[in-house]
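Asks: Next up is a structure, given as structure tokens.
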Amino acid sequence: MTPIRVTLACWPLRTRSDSDPLDGQRPRAAVNSRCCQGYGVGSLKSCKTMKEAYAVRRTVPPSAEIQDRIDGLLAGMTVGENPQQALSELARLGARLIIQRAVEEEFDAWLGRARYERRPEAAPGMRNGFRRRRVQTGEGELGVEIPQVREAAEPFVLRRFPYGTRLLRTDPLKAMIVGAFVRGLSMRDVESLCEQAGLGKVSKSTASRVCSELHERFLAFGRRDLYEVKLVALFLDAIYLPVRPQGPKEGVLCAWGFTENGERALVSVCLGMRESKDDWLELGRDLARRGMRSPMLIIADGAPGLIAAAEELWPRADRQHCTVHRLRNLLAKLPKTERERVRLAYWHALNQATSIADGTRRLRVLVDDLKSGGYQAAAACLADDLPALVVHLRYPLRHRKRWRSTNLLERSLGEVRRRTKVIGRFPGETSCLSLVWAVLDLFTHASNGATFTDLDRQHLYRIRYQPAENDTPQEVTAA
């Protein structure tokens, strides 16, 4: 007689506890001795998957757990081995916290009472734990804990993320957070932005917490130490915004760069008034007080105050004059018929140069050509601060085009300008700086860094420990 083999499937068994009438009990599963073998039906993997389909009991709300993780990161990110990875994780946890709190607020309003609160007049229904749901966002996949209910007249349906939503557009959510803070915590603006994003209404307490936490994160950003941030290239630029309800636009100074590990690092966002030398000196001294060492290369435009401050703050660093800014100034002094020819000659000289000396020679030829053509103003413009236009030729070949202009920083500042265009005037500098930091921080973490090969690192090592005048074409082209 052939024996019959019986395998018990891992069906979860519902249990119920009266110790906490407002929260559910974690379901238990009956697992046979063969459950942990293999990966098919009856395996540990399938048991885990089936158990996750049921509500999971929690003694604290998920938002509190996320907040604890954020506090832990903030407490340990200054001494971690990879602070940039901690910042990236902090951004993801912040997005999860915002979404999770909005979900919990909606559930409390639907149930008619807060957690562990009893109201005789409230509708029937008891909390039954949480069920995890993964939401695809523009920043990646985020886990959201959806509250469950039992003994209710109708099931709880989350309006913010209806079933069938494959991708949650979080840009409106970011606009809600930033817009609320910028408008001075105006509840009307918060509700308007939420409705445009399809997220319904958000309570005043939730909006207040989100905006206050955004400001606290900005203050923490300005206080964190920079001893572990070792920059190879530092980009400096400013954007002019209507910082106050009245008066002219003021400058907001921004500084970020590439570390020795190739990661992007936003290091400073501060008010600069008219972008004077004193303003840039204050920014640089603040970076020094927080422990940041001198970068190897500084990329900036030709603002006189910025140039003077950079040379005083970091005398040993190389200074690259933005080649795009210089070309704009050059073309503005030429007739339209000559602009395309000069533009092509300008980029050809920089692209084909093999060393600083070669790049200087090629640009001098273009200066002489402009003089012979009768364009004296254009020739003087190109000749002014010409050595600073070719400093990038001292650095690894694969990074020259990215490090010869401030375009990387200007793209992120363009995103700031786009988001503030519809806002109008800011109520004050705190709101303005918080907005600029929030946008730049998101843009920095969403962008690619720089990749340094072993040859690149050897090249950078030689640059750091030998004078600029000893550079040779062979060393540059070897990278």
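Every chain in the structure tokens takes a letter, A first, then B, and so on in the order presented; its residues are numbered from 1, and the ligands are numbered from 1 following the presented order.
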What lies within 8 Å of Met292 in chain A using only C-alpha atoms, ignoring chain neighbours under 2 positions off, as a list of chain:residue names?
Replies: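 Final neighbour list, sorted by chain and number: A:Asp225, A:Leu226, A:Tyr227, A:Glu228, A:Val229, A:Lys230, A:Leu287, A:Ala288, A:Arg289, A:Arg290, A:Ser294.
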Asks: Please compute the CA of Ser412 in chain A-CA of Tyr240 in chain A distance, one decimal, in Å.
Replies: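 Spanning CA of Ser412 in chain A to CA of Tyr240 in chain A is a straight-line distance of 13.7 Å.
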Asks: Compile the contact shell of Ala310 in chain A as a PyMOL selection string: residues with an atom at most 12 Å away, counting only C-alpha atoms, same-chain residues fewer than 2 positions apart removed.
Replies: chain A and resi 234-237+276-285+294-308+312-321
Asks: What parts of range 195-337 of chain A does DSSP call strand (DSSP E or B)? I'd like the answer as a ChimeraX atom specification.
Replies: /A:231-241,250-259,264-273,297-300,318-321
Asks: With N, CA and C atoms retained, write the just-selected residues as a compact mmCIF listing (two decimals), in the first residue's frame.
Replies:
```txt
# COMPACT_ATOMS: atom_id res chain seq x y z
N LEU A 231 36.75 68.11 0.34
CA LEU A 231 36.30 68.50 -1.00
C LEU A 231 37.47 68.57 -1.97
N VAL A 232 37.24 68.02 -3.15
CA VAL A 232 38.17 68.20 -4.26
C VAL A 232 37.82 69.46 -5.03
N ALA A 233 36.54 69.64 -5.32
CA ALA A 233 36.07 70.81 -6.06
C ALA A 233 34.93 71.46 -5.28
N LEU A 234 34.99 72.78 -5.14
CA LEU A 234 33.97 73.55 -4.43
C LEU A 234 33.36 74.56 -5.40
N PHE A 235 32.04 74.50 -5.58
CA PHE A 235 31.33 75.42 -6.46
C PHE A 235 30.67 76.51 -5.62
N LEU A 236 30.85 77.75 -6.01
CA LEU A 236 30.28 78.89 -5.30
C LEU A 236 29.46 79.73 -6.26
N ASP A 237 28.26 80.07 -5.86
CA ASP A 237 27.40 80.92 -6.69
C ASP A 237 26.31 81.50 -5.81
N ALA A 238 25.53 82.41 -6.36
CA ALA A 238 24.46 83.06 -5.61
C ALA A 238 23.24 83.21 -6.49
N ILE A 239 22.09 83.29 -5.86
CA ILE A 239 20.83 83.53 -6.55
C ILE A 239 20.13 84.68 -5.85
N TYR A 240 19.52 85.57 -6.62
CA TYR A 240 18.86 86.74 -6.05
C TYR A 240 17.36 86.49 -5.99
N LEU A 241 16.80 86.66 -4.80
CA LEU A 241 15.39 86.37 -4.55
C LEU A 241 14.77 87.50 -3.73
N GLU A 250 17.64 90.14 -2.70
CA GLU A 250 18.89 89.95 -1.99
C GLU A 250 19.52 88.63 -2.41
N GLY A 251 20.82 88.56 -2.26
CA GLY A 251 21.53 87.36 -2.68
C GLY A 251 21.49 86.26 -1.63
N VAL A 252 21.32 85.03 -2.10
CA VAL A 252 21.42 83.84 -1.26
C VAL A 252 22.64 83.06 -1.75
N LEU A 253 23.66 82.96 -0.90
CA LEU A 253 24.91 82.33 -1.27
C LEU A 253 24.82 80.83 -1.08
N CYS A 254 25.33 80.08 -2.04
CA CYS A 254 25.27 78.61 -2.00
C CYS A 254 26.66 78.05 -2.27
N ALA A 255 26.97 76.97 -1.55
CA ALA A 255 28.27 76.31 -1.71
C ALA A 255 28.08 74.81 -1.63
N TRP A 256 28.52 74.10 -2.64
CA TRP A 256 28.53 72.64 -2.63
C TRP A 256 29.65 72.15 -3.53
N GLY A 257 30.01 70.90 -3.37
CA GLY A 257 31.12 70.39 -4.17
C GLY A 257 31.16 68.88 -4.21
N PHE A 258 32.29 68.37 -4.72
CA PHE A 258 32.54 66.93 -4.82
C PHE A 258 33.60 66.55 -3.79
N THR A 259 33.32 65.50 -3.03
CA THR A 259 34.28 65.02 -2.05
C THR A 259 35.31 64.11 -2.70
N ARG A 264 28.46 64.18 -3.94
CA ARG A 264 28.08 65.58 -3.86
C ARG A 264 27.82 65.95 -2.41
N ALA A 265 28.22 67.15 -2.03
CA ALA A 265 28.05 67.60 -0.66
C ALA A 265 27.62 69.06 -0.66
N LEU A 266 26.41 69.31 -0.17
CA LEU A 266 25.94 70.68 0.04
C LEU A 266 26.45 71.13 1.41
N VAL A 267 27.24 72.21 1.46
CA VAL A 267 27.89 72.59 2.71
C VAL A 267 27.38 73.89 3.30
N SER A 268 26.78 74.77 2.49
CA SER A 268 26.34 76.04 3.05
C SER A 268 25.27 76.70 2.20
N VAL A 269 24.28 77.28 2.89
CA VAL A 269 23.26 78.13 2.28
C VAL A 269 23.04 79.28 3.25
N CYS A 270 23.34 80.50 2.83
CA CYS A 270 23.21 81.63 3.75
C CYS A 270 22.86 82.89 2.97
N LEU A 271 22.44 83.91 3.70
CA LEU A 271 22.06 85.18 3.08
C LEU A 271 23.31 85.98 2.75
N GLY A 272 23.33 86.61 1.56
CA GLY A 272 24.50 87.34 1.12
C GLY A 272 24.26 88.78 0.77
N MET A 273 23.06 89.29 0.98
CA MET A 273 22.72 90.68 0.67
C MET A 273 23.12 91.03 -0.76
N LEU A 297 40.13 72.81 -5.59
CA LEU A 297 39.73 73.66 -6.72
C LEU A 297 38.46 74.40 -6.36
N ILE A 298 38.42 75.68 -6.66
CA ILE A 298 37.24 76.52 -6.44
C ILE A 298 36.73 76.98 -7.80
N ILE A 299 35.48 76.73 -8.09
CA ILE A 299 34.86 77.15 -9.34
C ILE A 299 33.85 78.24 -9.04
N ALA A 300 34.01 79.40 -9.65
CA ALA A 300 33.13 80.54 -9.38
C ALA A 300 33.10 81.46 -10.58
N ASP A 318 43.34 76.19 -6.06
CA ASP A 318 43.24 76.69 -7.42
C ASP A 318 41.87 77.35 -7.61
N ARG A 319 41.84 78.40 -8.42
CA ARG A 319 40.56 79.09 -8.70
C ARG A 319 40.28 79.03 -10.19
N GLN A 320 39.16 78.40 -10.55
CA GLN A 320 38.72 78.30 -11.93
C GLN A 320 37.63 79.33 -12.19
N HIS A 321 37.89 80.23 -13.13
CA HIS A 321 36.88 81.20 -13.55
C HIS A 321 35.88 80.49 -14.46
```
Asks: Would you compute the distance between CA of Leu366 in chain A and CA of Arg394 in chain A? Give it in Å to one decimal.
Replies: 20.9 Å
Asks: So, with only C-alpha atoms as the atoms that count, which of A:Ile98, A:Leu386, A:Val439, A:Ala152 lies closest to Ala123 in chain A?
Replies: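 When distances to Ala123 in chain A are compared using only C-alpha atoms, the smallest one comes from A:Ala152.
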Asks: Calculate how many Å separate CA of Arg402 in chain A from CA of Gly449 in chain A, rounding to one decimal.
Replies: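 One can read the CA of Arg402 in chain A to CA of Gly449 in chain A distance as 11.0 Å.
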Asks: For Gly359 in chain A, list every protein, DNA or RNA residue within 12 Å, evaluated using only C-alpha atoms, and leave out those in the same chain fewer than 3 positions away; present the list as a ChimeraX atom specification.
Replies: /A:346-356,362-366,386-394,473
Asks: Hey, can you spit out that residue selection with C-alpha atoms as a PDB file, in the first residue's frame?
Replies:
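As a result, result-v8.pdb now contains:
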```
ATOM      1  CA  TYR A 346      36.581  79.668 -27.887  1.00  0.00           C
ATOM      2  CA  TRP A 347      35.382  76.146 -27.119  1.00  0.00           C
ATOM      3  CA  HIS A 348      37.774  74.619 -29.635  1.00  0.00           C
ATOM      4  CA  ALA A 349      40.703  76.262 -27.859  1.00  0.00           C
ATOM      5  CA  LEU A 350      39.626  74.874 -24.465  1.00  0.00           C
ATOM      6  CA  ASN A 351      38.610  71.431 -25.694  1.00  0.00           C
ATOM      7  CA  GLN A 352      41.802  70.790 -27.656  1.00  0.00           C
ATOM      8  CA  ALA A 353      44.214  72.118 -25.048  1.00  0.00           C
ATOM      9  CA  THR A 354      46.437  69.491 -23.411  1.00  0.00           C
ATOM     10  CA  SER A 355      47.840  71.588 -20.563  1.00  0.00           C
ATOM     11  CA  ILE A 356      47.583  74.964 -18.897  1.00  0.00           C
ATOM     12  CA  ARG A 362      45.376  79.019 -27.763  1.00  0.00           C
ATOM     13  CA  LEU A 363      43.316  81.675 -25.997  1.00  0.00           C
ATOM     14  CA  ARG A 364      46.032  84.288 -26.620  1.00  0.00           C
ATOM     15  CA  VAL A 365      45.717  83.521 -30.332  1.00  0.00           C
ATOM     16  CA  LEU A 366      41.974  84.221 -30.087  1.00  0.00           C
ATOM     17  CA  LEU A 386      42.741  84.638 -18.589  1.00  0.00           C
ATOM     18  CA  PRO A 387      44.964  82.316 -16.480  1.00  0.00           C
ATOM     19  CA  ALA A 388      41.939  81.423 -14.335  1.00  0.00           C
ATOM     20  CA  LEU A 389      40.084  80.172 -17.419  1.00  0.00           C
ATOM     21  CA  VAL A 390      42.515  77.295 -17.971  1.00  0.00           C
ATOM     22  CA  VAL A 391      43.100  76.071 -14.399  1.00  0.00           C
ATOM     23  CA  HIS A 392      40.790  73.091 -14.988  1.00  0.00           C
ATOM     24  CA  LEU A 393      43.350  71.733 -17.485  1.00  0.00           C
ATOM     25  CA  ARG A 394      45.490  70.817 -14.488  1.00  0.00           C
ATOM     26  CA  PRO A 473      51.415  68.160 -20.360  1.00  0.00           C
TER      27      PRO A 473
END
```
Asks: Step one, run DSSP on the backbone; step two, keep only residues of range 294-408 of chain A assigned to alpha helix (DSSP H); then write them as a VMD selection string.
Replies: chain A and resid 304 to 313 323 to 331 336 to 352 356 to 372 376 to 383 400 to 403 407 to 408
Asks: With C-alpha atoms retained, export the selected residues as a short mmCIF file (atom, residue, chain, number, x, y, z; two decimals), in the first residue's frame.
Replies:
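Dumped everything to part.cif:
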```cif
data_model
loop_
_atom_site.label_atom_id
_atom_site.label_comp_id
_atom_site.auth_asym_id
_atom_site.auth_seq_id
_atom_site.Cartn_x
_atom_site.Cartn_y
_atom_site.Cartn_z
CA PRO A 304 35.08 90.80 -7.64
CA GLY A 305 33.94 90.22 -4.05
CA LEU A 306 33.88 86.46 -4.53
CA ILE A 307 37.33 86.37 -6.13
CA ALA A 308 38.88 88.48 -3.36
CA ALA A 309 37.25 86.41 -0.61
CA ALA A 310 38.27 83.07 -2.16
CA GLU A 311 41.90 84.15 -2.48
CA GLU A 312 41.92 85.30 1.15
CA LEU A 313 40.11 82.27 2.57
CA THR A 323 34.14 79.59 -18.71
CA VAL A 324 30.43 79.90 -19.49
CA HIS A 325 30.14 83.26 -17.70
CA ARG A 326 33.19 84.55 -19.50
CA LEU A 327 31.80 83.46 -22.89
CA ARG A 328 28.53 85.27 -22.20
CA ASN A 329 30.38 88.47 -21.41
CA LEU A 330 32.56 88.01 -24.49
CA LEU A 331 29.67 87.47 -26.92
CA LYS A 336 25.65 88.98 -34.02
CA THR A 337 27.48 88.13 -37.24
CA GLU A 338 30.68 87.28 -35.32
CA ARG A 339 29.26 85.52 -32.28
CA GLU A 340 28.97 82.01 -33.66
CA ARG A 341 32.49 82.05 -35.11
CA VAL A 342 34.02 83.29 -31.87
CA ARG A 343 31.98 80.86 -29.78
CA LEU A 344 33.24 77.87 -31.78
CA ALA A 345 36.84 79.14 -31.64
CA TYR A 346 36.58 79.67 -27.89
CA TRP A 347 35.38 76.15 -27.12
CA HIS A 348 37.77 74.62 -29.63
CA ALA A 349 40.70 76.26 -27.86
CA LEU A 350 39.63 74.87 -24.46
CA ASN A 351 38.61 71.43 -25.69
CA GLN A 352 41.80 70.79 -27.66
CA ILE A 356 47.58 74.96 -18.90
CA ALA A 357 50.35 76.36 -21.10
CA ASP A 358 48.72 75.03 -24.26
CA GLY A 359 45.31 76.40 -23.27
CA THR A 360 46.79 79.82 -22.50
CA ARG A 361 48.55 79.91 -25.86
CA ARG A 362 45.38 79.02 -27.76
CA LEU A 363 43.32 81.67 -26.00
CA ARG A 364 46.03 84.29 -26.62
CA VAL A 365 45.72 83.52 -30.33
CA LEU A 366 41.97 84.22 -30.09
CA VAL A 367 42.66 87.48 -28.24
CA ASP A 368 45.02 88.61 -31.03
CA ASP A 369 42.42 87.63 -33.63
CA LEU A 370 39.80 89.80 -31.91
CA LYS A 371 42.21 92.73 -31.74
CA SER A 372 43.07 92.45 -35.42
CA GLN A 376 39.06 95.76 -28.72
CA ALA A 377 36.44 95.49 -25.97
CA ALA A 378 35.92 91.79 -26.64
CA ALA A 379 39.69 91.19 -26.69
CA ALA A 380 40.11 92.95 -23.34
CA CYS A 381 37.25 90.94 -21.87
CA LEU A 382 38.85 87.63 -22.84
CA ALA A 383 42.34 88.69 -21.74
CA ARG A 400 37.50 68.95 -16.93
CA LYS A 401 34.25 69.84 -18.65
CA ARG A 402 32.24 69.53 -15.43
CA TRP A 403 34.74 71.56 -13.41
CA ASN A 407 26.69 74.99 -14.64
CA LEU A 408 26.14 72.13 -12.19
#
```
Asks: Taking only C-alpha atoms into account, name the residue in A:Glu104, A:Glu275, A:Glu263, A:Glu216 that is nearest to Pro147 in chain A.
Replies: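 Answer, going by the shortest atom-to-atom distance: A:Glu104.
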